[in-house]
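As stored in query_23.cif (mmCIF, C-alpha atoms):
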data_work
loop_
_atom_site.group_PDB
_atom_site.id
_atom_site.type_symbol
_atom_site.label_atom_id
_atom_site.label_comp_id
_atom_site.auth_asym_id
_atom_site.auth_seq_id
_atom_site.Cartn_x
_atom_site.Cartn_y
_atom_site.Cartn_z
ATOM 1 C CA MET A 2 -19.950 -19.118 16.733
ATOM 2 C CA THR A 3 -16.191 -18.602 16.637
ATOM 3 C CA SER A 4 -13.760 -21.160 15.380
ATOM 4 C CA SER A 5 -10.601 -21.968 17.263
ATOM 5 C CA PRO A 6 -7.289 -20.472 16.225
ATOM 6 C CA THR A 7 -5.342 -22.268 13.514
ATOM 7 C CA PRO A 8 -1.832 -23.565 14.308
ATOM 8 C CA GLY A 9 -0.234 -20.565 12.571
ATOM 9 C CA LEU A 10 -2.447 -18.117 14.447
ATOM 10 C CA THR A 11 -1.719 -19.902 17.738
ATOM 11 C CA ARG A 12 2.032 -19.481 17.058
ATOM 12 C CA PHE A 13 1.512 -15.819 16.121
ATOM 13 C CA ASN A 14 -0.521 -15.146 19.281
ATOM 14 C CA ALA A 15 2.154 -16.798 21.445
ATOM 15 C CA ALA A 16 5.160 -15.235 19.713
ATOM 16 C CA ASP A 17 7.245 -12.624 21.479
ATOM 17 C CA ASP A 18 6.527 -9.061 20.362
ATOM 18 C CA GLN A 19 9.635 -8.812 18.192
ATOM 19 C CA SER A 20 8.816 -12.001 16.252
ATOM 20 C CA ALA A 21 5.148 -11.054 15.877
ATOM 21 C CA GLU A 22 6.134 -7.580 14.709
ATOM 22 C CA ALA A 23 8.495 -9.044 12.102
ATOM 23 C CA ALA A 24 5.741 -11.377 10.859
ATOM 24 C CA LEU A 25 3.310 -8.476 10.539
ATOM 25 C CA HIS A 26 5.878 -6.336 8.690
ATOM 26 C CA GLU A 27 6.038 -9.145 6.118
ATOM 27 C CA VAL A 28 2.302 -8.621 5.618
ATOM 28 C CA CYS A 29 2.253 -4.795 5.558
ATOM 29 C CA ALA A 30 5.030 -2.196 5.761
ATOM 30 C CA SER A 31 2.921 0.355 7.665
ATOM 31 C CA THR A 32 4.271 0.762 11.202
ATOM 32 C CA THR A 33 0.898 2.091 12.397
ATOM 33 C CA TRP A 34 -0.932 -0.951 10.992
ATOM 34 C CA VAL A 35 1.604 -3.308 12.590
ATOM 35 C CA GLU A 36 1.320 -1.575 15.983
ATOM 36 C CA ARG A 37 -2.482 -1.776 15.921
ATOM 37 C CA LEU A 38 -2.462 -5.479 15.088
ATOM 38 C CA LEU A 39 0.177 -6.212 17.726
ATOM 39 C CA ALA A 40 -1.931 -4.425 20.337
ATOM 40 C CA GLY A 41 -4.919 -6.638 19.507
ATOM 41 C CA ARG A 42 -3.263 -9.960 20.257
ATOM 42 C CA PRO A 43 -4.330 -12.608 21.006
ATOM 43 C CA TYR A 44 -6.826 -13.188 18.205
ATOM 44 C CA ALA A 45 -9.554 -15.782 18.697
ATOM 45 C CA ASP A 46 -9.555 -16.773 15.037
ATOM 46 C CA ALA A 47 -8.637 -15.600 11.555
ATOM 47 C CA ALA A 48 -11.892 -13.637 11.268
ATOM 48 C CA ALA A 49 -10.945 -11.552 14.306
ATOM 49 C CA LEU A 50 -7.497 -10.951 12.795
ATOM 50 C CA PHE A 51 -9.091 -9.832 9.494
ATOM 51 C CA THR A 52 -11.492 -7.515 11.305
ATOM 52 C CA ALA A 53 -8.610 -5.893 13.196
ATOM 53 C CA SER A 54 -6.597 -5.561 9.982
ATOM 54 C CA ASP A 55 -9.477 -3.975 8.083
ATOM 55 C CA ALA A 56 -10.157 -1.534 10.939
ATOM 56 C CA ALA A 57 -6.489 -0.547 11.145
ATOM 57 C CA MET A 58 -6.300 -0.094 7.371
ATOM 58 C CA ALA A 59 -9.406 2.135 7.391
ATOM 59 C CA GLU A 60 -7.705 4.486 9.874
ATOM 60 C CA LEU A 61 -4.356 4.841 8.084
ATOM 61 C CA THR A 62 -3.368 8.370 7.108
ATOM 62 C CA ALA A 63 -1.964 9.276 3.696
ATOM 63 C CA ASP A 64 1.559 9.015 5.182
ATOM 64 C CA ASP A 65 0.765 5.578 6.635
ATOM 65 C CA LEU A 66 -0.520 4.434 3.240
ATOM 66 C CA ALA A 67 2.648 5.735 1.592
ATOM 67 C CA GLU A 68 4.704 3.708 4.062
ATOM 68 C CA ALA A 69 2.605 0.612 3.302
ATOM 69 C CA MET A 70 3.016 1.097 -0.460
ATOM 70 C CA ALA A 71 6.781 1.479 -0.121
ATOM 71 C CA GLY A 72 6.882 -2.217 0.777
ATOM 72 C CA HIS A 73 5.538 -3.232 -2.637
ATOM 73 C CA PRO A 74 7.641 -3.528 -5.790
ATOM 74 C CA PRO A 75 6.237 -2.315 -9.114
ATOM 75 C CA ILE A 76 3.984 -4.727 -11.006
ATOM 76 C CA GLY A 77 6.117 -6.711 -13.418
ATOM 77 C CA ARG A 78 9.248 -6.362 -11.281
ATOM 78 C CA PRO A 79 8.893 -8.616 -8.228
ATOM 79 C CA LYS A 80 11.469 -8.162 -5.504
ATOM 80 C CA PRO A 81 14.406 -10.496 -6.327
ATOM 81 C CA GLY A 82 14.589 -13.457 -3.977
ATOM 82 C CA ASP A 83 11.180 -12.687 -2.443
ATOM 83 C CA PRO A 84 8.849 -15.682 -2.903
ATOM 84 C CA THR A 85 5.802 -13.664 -1.752
ATOM 85 C CA SER A 86 6.416 -10.986 -4.374
ATOM 86 C CA ALA A 87 6.988 -13.597 -7.091
ATOM 87 C CA ARG A 88 3.870 -15.578 -6.102
ATOM 88 C CA GLU A 89 1.648 -12.499 -6.014
ATOM 89 C CA GLN A 90 2.856 -11.285 -9.410
ATOM 90 C CA ARG A 91 2.794 -14.683 -11.102
ATOM 91 C CA GLY A 92 0.339 -13.337 -13.701
ATOM 92 C CA MET A 93 3.124 -11.231 -15.235
ATOM 93 C CA ALA A 94 5.513 -14.177 -15.586
ATOM 94 C CA GLY A 95 4.146 -15.371 -18.932
ATOM 95 C CA ALA A 96 3.489 -11.937 -20.391
ATOM 96 C CA SER A 97 4.993 -11.068 -23.754
ATOM 97 C CA GLU A 98 7.988 -8.750 -23.842
ATOM 98 C CA GLU A 99 5.716 -6.177 -25.491
ATOM 99 C CA LEU A 100 3.226 -6.346 -22.619
ATOM 100 C CA LYS A 101 6.007 -6.193 -20.025
ATOM 101 C CA ALA A 102 7.378 -3.079 -21.739
ATOM 102 C CA GLU A 103 3.898 -1.536 -21.800
ATOM 103 C CA MET A 104 3.477 -2.262 -18.074
ATOM 104 C CA LEU A 105 6.817 -0.620 -17.339
ATOM 105 C CA GLU A 106 5.734 2.465 -19.291
ATOM 106 C CA LEU A 107 2.341 2.554 -17.535
ATOM 107 C CA ASN A 108 3.960 2.021 -14.124
ATOM 108 C CA LEU A 109 6.300 4.962 -14.720
ATOM 109 C CA ALA A 110 3.448 7.208 -15.912
ATOM 110 C CA TYR A 111 1.361 6.211 -12.869
ATOM 111 C CA GLN A 112 4.293 6.844 -10.536
ATOM 112 C CA ASP A 113 4.893 10.257 -12.107
ATOM 113 C CA ARG A 114 1.215 11.143 -11.619
ATOM 114 C CA PHE A 115 0.714 9.837 -8.072
ATOM 115 C CA GLY A 116 4.216 9.684 -6.582
ATOM 116 C CA HIS A 117 4.060 5.965 -5.733
ATOM 117 C CA VAL A 118 3.951 2.566 -7.386
ATOM 118 C CA PHE A 119 0.754 1.275 -8.936
ATOM 119 C CA LEU A 120 -0.682 -1.027 -6.310
ATOM 120 C CA ILE A 121 -3.129 -3.814 -7.060
ATOM 121 C CA CYS A 122 -3.906 -7.154 -5.483
ATOM 122 C CA ALA A 123 -2.277 -9.066 -8.335
ATOM 123 C CA THR A 124 -2.995 -12.543 -6.984
ATOM 124 C CA GLY A 125 -4.939 -14.448 -9.627
ATOM 125 C CA LEU A 126 -4.859 -11.626 -12.189
ATOM 126 C CA THR A 127 -3.449 -11.955 -15.685
ATOM 127 C CA ALA A 128 -0.948 -9.476 -17.069
ATOM 128 C CA GLU A 129 -3.700 -8.083 -19.293
ATOM 129 C CA GLN A 130 -6.021 -7.534 -16.312
ATOM 130 C CA MET A 131 -3.262 -5.671 -14.453
ATOM 131 C CA ARG A 132 -2.539 -3.533 -17.512
ATOM 132 C CA ASP A 133 -6.229 -2.736 -17.939
ATOM 133 C CA ALA A 134 -6.466 -1.788 -14.253
ATOM 134 C CA VAL A 135 -3.583 0.687 -14.412
ATOM 135 C CA ARG A 136 -5.064 2.173 -17.581
ATOM 136 C CA ALA A 137 -8.441 2.551 -15.850
ATOM 137 C CA ARG A 138 -6.998 4.108 -12.694
ATOM 138 C CA ILE A 139 -4.348 6.478 -14.070
ATOM 139 C CA ASP A 140 -6.858 9.292 -14.648
ATOM 140 C CA ASN A 141 -8.298 9.135 -11.123
ATOM 141 C CA THR A 142 -7.951 12.028 -8.719
ATOM 142 C CA PRO A 143 -5.240 11.528 -6.088
ATOM 143 C CA GLU A 144 -7.946 11.228 -3.417
ATOM 144 C CA ARG A 145 -9.839 8.525 -5.338
ATOM 145 C CA GLU A 146 -6.641 6.666 -6.081
ATOM 146 C CA ARG A 147 -5.618 6.743 -2.409
ATOM 147 C CA GLU A 148 -8.899 4.965 -1.578
ATOM 148 C CA ASN A 149 -8.302 2.453 -4.392
ATOM 149 C CA VAL A 150 -4.889 1.754 -2.882
ATOM 150 C CA ARG A 151 -6.448 1.291 0.563
ATOM 151 C CA THR A 152 -8.937 -1.221 -0.903
ATOM 152 C CA GLU A 153 -6.162 -3.118 -2.679
ATOM 153 C CA LEU A 154 -4.034 -3.198 0.492
ATOM 154 C CA VAL A 155 -6.965 -4.700 2.417
ATOM 155 C CA LYS A 156 -7.138 -7.527 -0.162
ATOM 156 C CA ILE A 157 -3.362 -8.085 -0.140
ATOM 157 C CA ASN A 158 -3.222 -8.055 3.659
ATOM 158 C CA ARG A 159 -6.045 -10.603 3.917
ATOM 159 C CA ILE A 160 -4.239 -12.987 1.562
ATOM 160 C CA ARG A 161 -0.984 -12.582 3.479
ATOM 161 C CA LEU A 162 -2.704 -12.846 6.881
ATOM 162 C CA THR A 163 -4.405 -16.045 5.728
ATOM 163 C CA ARG A 164 -0.991 -17.527 4.991
ATOM 164 C CA LEU A 165 0.285 -16.349 8.391
ATOM 165 C CA ALA A 166 -2.756 -17.795 10.203
ATOM 166 C CA GLU A 167 -2.469 -21.089 8.354
ATOM 167 C CA GLY A 168 1.215 -21.271 9.215
ATOM 168 C CA ALA A 169 2.424 -21.188 5.609
#
Structure re-expressed in structure tokens:
Amino acid sequence: MTSSPTPGLTRFNAADDQSAEAALHEVCASTTWVERLLAGRPYADAAALFTASDAAMAELTADDLAEAMAGHPPIGRPKPGDPTSAREQRGMAGASEELKAEMLELNLAYQDRFGHVFLICATGLTAEQMRDAVRARIDNTPERERENVRTELVKINRIRLTRLAEGA
């Protein structure tokens, strides 16, 4: 049993390619991911959109993942003027200056090790949970960490696609 498309999904399905592409780039910075989701329109419902997103994410190369990660600011430093970035990183807002400094140090160490920002689906996480996650992941192999990033991007994309489908 499929549900009908939500108003936001109906607008997305009906949008011209340029508008739909721009909306998808707000969800994920990977050009390959965006192209695959554009090619799948129209979507019957949010579940179909999620399935297409997950499938596209599973097929991204290391370069595609790097492009996707480039669209995310470091944890603790949301993109100025970006309500999505601020909302997703809300858990850092009340962190102590000491914890914010520790996160900056951990972010830099992670970036030195892996060559990209530490990526986590921060929605609903506390600053302490994010700190503990970077501590736990910093000793991973690059291959393992790339798969962690892929998993986190799937979660982030689903949250953002939900907002798109709901019309938020």
Expand the PyMOL selection byres ((chain A and resi 10-26) around 7) into the individual residues it matches in the shown file, reporting them as number ranges by chain.
A: 6-9, 27-30, 35, 39, 42-44, 165-167
File of the preceding selection, C-alpha atoms, as a short mmCIF file (atom, residue, chain, number, x, y, z; two decimals), in the frame of the given file:
data_model
loop_
_atom_site.label_atom_id
_atom_site.label_comp_id
_atom_site.auth_asym_id
_atom_site.auth_seq_id
_atom_site.Cartn_x
_atom_site.Cartn_y
_atom_site.Cartn_z
CA PRO A 6 -7.29 -20.47 16.23
CA THR A 7 -5.34 -22.27 13.51
CA PRO A 8 -1.83 -23.56 14.31
CA GLY A 9 -0.23 -20.56 12.57
CA GLU A 27 6.04 -9.14 6.12
CA VAL A 28 2.30 -8.62 5.62
CA CYS A 29 2.25 -4.80 5.56
CA ALA A 30 5.03 -2.20 5.76
CA VAL A 35 1.60 -3.31 12.59
CA LEU A 39 0.18 -6.21 17.73
CA ARG A 42 -3.26 -9.96 20.26
CA PRO A 43 -4.33 -12.61 21.01
CA TYR A 44 -6.83 -13.19 18.20
CA LEU A 165 0.28 -16.35 8.39
CA ALA A 166 -2.76 -17.80 10.20
CA GLU A 167 -2.47 -21.09 8.35
#
Separation of atom CA of A:Trp34 from atom CA of A:Met58 in Å
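According to the coordinates, atom CA of A:Met58 and atom CA of A:Trp34 are separated by 6.5 Å.
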On this file, the PyMOL selection byres ((chain A and resi 148-161) around 7) gives some set of residues; write that set as a ChimeraX atom specification.
/A:28-29,51,55,58,120-122,144-147,162-165
Can you write just those residues out, C-alpha atoms, as an mmCIF file, keeping the file's coordinate frame?
data_model
loop_
_atom_site.group_PDB
_atom_site.id
_atom_site.type_symbol
_atom_site.label_atom_id
_atom_site.label_comp_id
_atom_site.auth_asym_id
_atom_site.auth_seq_id
_atom_site.Cartn_x
_atom_site.Cartn_y
_atom_site.Cartn_z
ATOM 1 C CA VAL A 28 2.302 -8.621 5.618
ATOM 2 C CA CYS A 29 2.253 -4.795 5.558
ATOM 3 C CA PHE A 51 -9.091 -9.832 9.494
ATOM 4 C CA ASP A 55 -9.477 -3.975 8.083
ATOM 5 C CA MET A 58 -6.300 -0.094 7.371
ATOM 6 C CA LEU A 120 -0.682 -1.027 -6.310
ATOM 7 C CA ILE A 121 -3.129 -3.814 -7.060
ATOM 8 C CA CYS A 122 -3.906 -7.154 -5.483
ATOM 9 C CA GLU A 144 -7.946 11.228 -3.417
ATOM 10 C CA ARG A 145 -9.839 8.525 -5.338
ATOM 11 C CA GLU A 146 -6.641 6.666 -6.081
ATOM 12 C CA ARG A 147 -5.618 6.743 -2.409
ATOM 13 C CA LEU A 162 -2.704 -12.846 6.881
ATOM 14 C CA THR A 163 -4.405 -16.045 5.728
ATOM 15 C CA ARG A 164 -0.991 -17.527 4.991
ATOM 16 C CA LEU A 165 0.285 -16.349 8.391
#
Carefully work through the PyMOL selection byres ((chain A and resi 132) around 12) for this structure and note down the residues it includes, as JSON, numbers by chain.
{"A": [76, 77, 92, 93, 96, 99, 100, 101, 102, 103, 104, 105, 106, 107, 108, 111, 119, 120, 121, 123, 126, 127, 128, 129, 130, 131, 133, 134, 135, 136, 137, 138, 139]}
For the selection you just gave me, I'd like the residues written to a file as a compact mmCIF listing (two decimals), keeping the file's coordinate frame, keeping C-alpha atoms.
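Output below, filename result.txt:
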# COMPACT_ATOMS: atom_id res chain seq x y z
CA ILE A 76 3.98 -4.73 -11.01
CA GLY A 77 6.12 -6.71 -13.42
CA GLY A 92 0.34 -13.34 -13.70
CA MET A 93 3.12 -11.23 -15.24
CA ALA A 96 3.49 -11.94 -20.39
CA GLU A 99 5.72 -6.18 -25.49
CA LEU A 100 3.23 -6.35 -22.62
CA LYS A 101 6.01 -6.19 -20.02
CA ALA A 102 7.38 -3.08 -21.74
CA GLU A 103 3.90 -1.54 -21.80
CA MET A 104 3.48 -2.26 -18.07
CA LEU A 105 6.82 -0.62 -17.34
CA GLU A 106 5.73 2.46 -19.29
CA LEU A 107 2.34 2.55 -17.54
CA ASN A 108 3.96 2.02 -14.12
CA TYR A 111 1.36 6.21 -12.87
CA PHE A 119 0.75 1.27 -8.94
CA LEU A 120 -0.68 -1.03 -6.31
CA ILE A 121 -3.13 -3.81 -7.06
CA ALA A 123 -2.28 -9.07 -8.34
CA LEU A 126 -4.86 -11.63 -12.19
CA THR A 127 -3.45 -11.96 -15.68
CA ALA A 128 -0.95 -9.48 -17.07
CA GLU A 129 -3.70 -8.08 -19.29
CA GLN A 130 -6.02 -7.53 -16.31
CA MET A 131 -3.26 -5.67 -14.45
CA ASP A 133 -6.23 -2.74 -17.94
CA ALA A 134 -6.47 -1.79 -14.25
CA VAL A 135 -3.58 0.69 -14.41
CA ARG A 136 -5.06 2.17 -17.58
CA ALA A 137 -8.44 2.55 -15.85
CA ARG A 138 -7.00 4.11 -12.69
CA ILE A 139 -4.35 6.48 -14.07
Edge lengths and centre, in Å to one decimal, as lines of an AutoDock Vina configuration file: that's what I need for the box along x, y and z that holds all listed atoms of stretch 49-64 of chain A plus 4 Å on each side.
center_x = -5.0
center_y = -1.1
center_z = 9.0
size_x = 21.1
size_y = 28.8
size_z = 18.6
Can you work out the spacing between atom CA of A:Gly168 and atom CA of A:Thr52 in Å, to one decimal?
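Distance reported for this atom pair: 18.8 Å.
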So what do you get for atom CA of A:Ala94 versus atom CA of A:Gly72, distance-wise?
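Separating atom CA of A:Ala94 from atom CA of A:Gly72 is a distance of 20.3 Å.
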Within 8 Å of A:Asp65, counting only C-alpha atoms, which residues qualify if same-chain residues fewer than 2 places away don't, as a list of chain:residue names?
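Counting only C-alpha atoms, the residues come to A:Ser31, A:Thr32, A:Thr33, A:Leu61, A:Thr62, A:Ala63, A:Ala67, A:Glu68, A:Ala69.
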Restrict the output to stretch 5-104 of chain A and C-alpha atoms, then write it as a short mmCIF file (atom, residue, chain, number, x, y, z; two decimals), in the first residue's frame.
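out.cif, written as the output of this step:
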data_model
loop_
_atom_site.label_atom_id
_atom_site.label_comp_id
_atom_site.auth_asym_id
_atom_site.auth_seq_id
_atom_site.Cartn_x
_atom_site.Cartn_y
_atom_site.Cartn_z
CA SER A 5 -0.09 9.61 -1.83
CA PRO A 6 2.55 12.28 -2.25
CA THR A 7 2.66 15.05 0.33
CA PRO A 8 2.18 18.67 -0.81
CA GLY A 9 5.94 19.30 -0.70
CA LEU A 10 6.68 16.15 -2.69
CA THR A 11 3.97 17.06 -5.22
CA ARG A 12 5.66 20.47 -5.70
CA PHE A 13 9.07 18.80 -6.00
CA ASN A 14 7.78 16.29 -8.58
CA ALA A 15 6.20 19.10 -10.63
CA ALA A 16 9.11 21.54 -10.37
CA ASP A 17 11.22 22.33 -13.40
CA ASP A 18 14.57 20.54 -13.46
CA GLN A 19 16.55 23.59 -12.37
CA SER A 20 14.36 24.20 -9.30
CA ALA A 21 14.32 20.51 -8.37
CA GLU A 22 18.09 20.33 -8.78
CA ALA A 23 18.55 23.36 -6.51
CA ALA A 24 16.28 21.78 -3.88
CA LEU A 25 18.25 18.54 -3.99
CA HIS A 26 21.58 20.38 -3.72
CA GLU A 27 20.26 21.84 -0.46
CA VAL A 28 19.88 18.25 0.75
CA CYS A 29 23.21 16.85 -0.52
CA ALA A 30 26.15 18.48 -2.31
CA SER A 31 26.99 15.39 -4.39
CA THR A 32 26.25 16.07 -8.07
CA THR A 33 25.97 12.33 -8.76
CA TRP A 34 23.41 11.88 -5.97
CA VAL A 35 21.41 14.87 -7.22
CA GLU A 36 21.43 13.59 -10.82
CA ARG A 37 20.22 10.14 -9.74
CA LEU A 38 17.36 11.57 -7.69
CA LEU A 39 16.37 13.96 -10.48
CA ALA A 40 16.25 11.06 -12.93
CA GLY A 41 13.85 9.17 -10.66
CA ARG A 42 11.12 11.79 -10.59
CA PRO A 43 8.21 11.65 -10.07
CA TYR A 44 8.18 9.88 -6.71
CA ALA A 45 4.97 8.22 -5.56
CA ASP A 46 5.62 9.01 -1.91
CA ALA A 47 8.34 9.87 0.59
CA ALA A 48 9.25 6.19 0.98
CA ALA A 49 10.06 5.96 -2.73
CA LEU A 50 12.17 9.12 -2.44
CA PHE A 51 14.06 7.65 0.55
CA THR A 52 14.66 4.38 -1.29
CA ALA A 53 16.08 6.25 -4.29
CA SER A 54 18.26 8.39 -2.02
CA ASP A 55 19.62 5.38 -0.13
CA ALA A 56 20.36 3.54 -3.39
CA ALA A 57 22.15 6.57 -4.85
CA MET A 58 24.16 7.04 -1.65
CA ALA A 59 25.22 3.37 -1.67
CA GLU A 60 26.70 3.81 -5.16
CA LEU A 61 28.68 7.00 -4.51
CA THR A 62 32.42 6.78 -5.11
CA ALA A 63 35.01 8.18 -2.71
CA ASP A 64 35.14 11.36 -4.84
CA ASP A 65 31.34 11.66 -4.75
CA LEU A 66 31.40 11.29 -0.96
CA ALA A 67 34.09 13.96 -0.73
CA GLU A 68 31.88 16.29 -2.77
CA ALA A 69 28.93 15.53 -0.47
CA MET A 70 31.02 16.20 2.65
CA ALA A 71 32.26 19.51 1.27
CA GLY A 72 28.71 20.81 1.72
CA HIS A 73 28.87 20.34 5.50
CA PRO A 74 30.50 22.77 7.92
CA PRO A 75 32.54 21.44 10.84
CA ILE A 76 30.61 20.44 13.96
CA GLY A 77 30.48 23.41 16.30
CA ARG A 78 30.76 25.93 13.46
CA PRO A 79 27.45 26.03 11.58
CA LYS A 80 27.43 27.93 8.32
CA PRO A 81 26.56 31.58 9.14
CA GLY A 82 23.07 32.52 8.01
CA ASP A 83 22.16 28.90 7.21
CA PRO A 84 19.11 27.85 9.26
CA THR A 85 19.53 24.17 8.29
CA SER A 86 23.11 24.11 9.56
CA ALA A 87 22.13 25.90 12.78
CA ARG A 88 19.14 23.59 13.37
CA GLU A 89 21.15 20.43 12.77
CA GLN A 90 23.95 21.53 15.10
CA ARG A 91 21.68 22.88 17.84
CA GLY A 92 23.24 20.44 20.33
CA MET A 93 26.48 22.46 20.27
CA ALA A 94 24.73 25.76 21.02
CA GLY A 95 24.70 25.32 24.80
CA ALA A 96 28.10 23.67 25.08
CA SER A 97 30.67 25.17 27.43
CA GLU A 98 33.54 27.13 25.95
CA GLU A 99 35.83 24.31 27.10
CA LEU A 100 33.80 21.71 25.20
CA LYS A 101 33.63 23.92 22.11
CA ALA A 102 37.42 24.30 22.22
CA GLU A 103 37.82 20.53 22.61
CA MET A 104 35.53 19.95 19.61
#
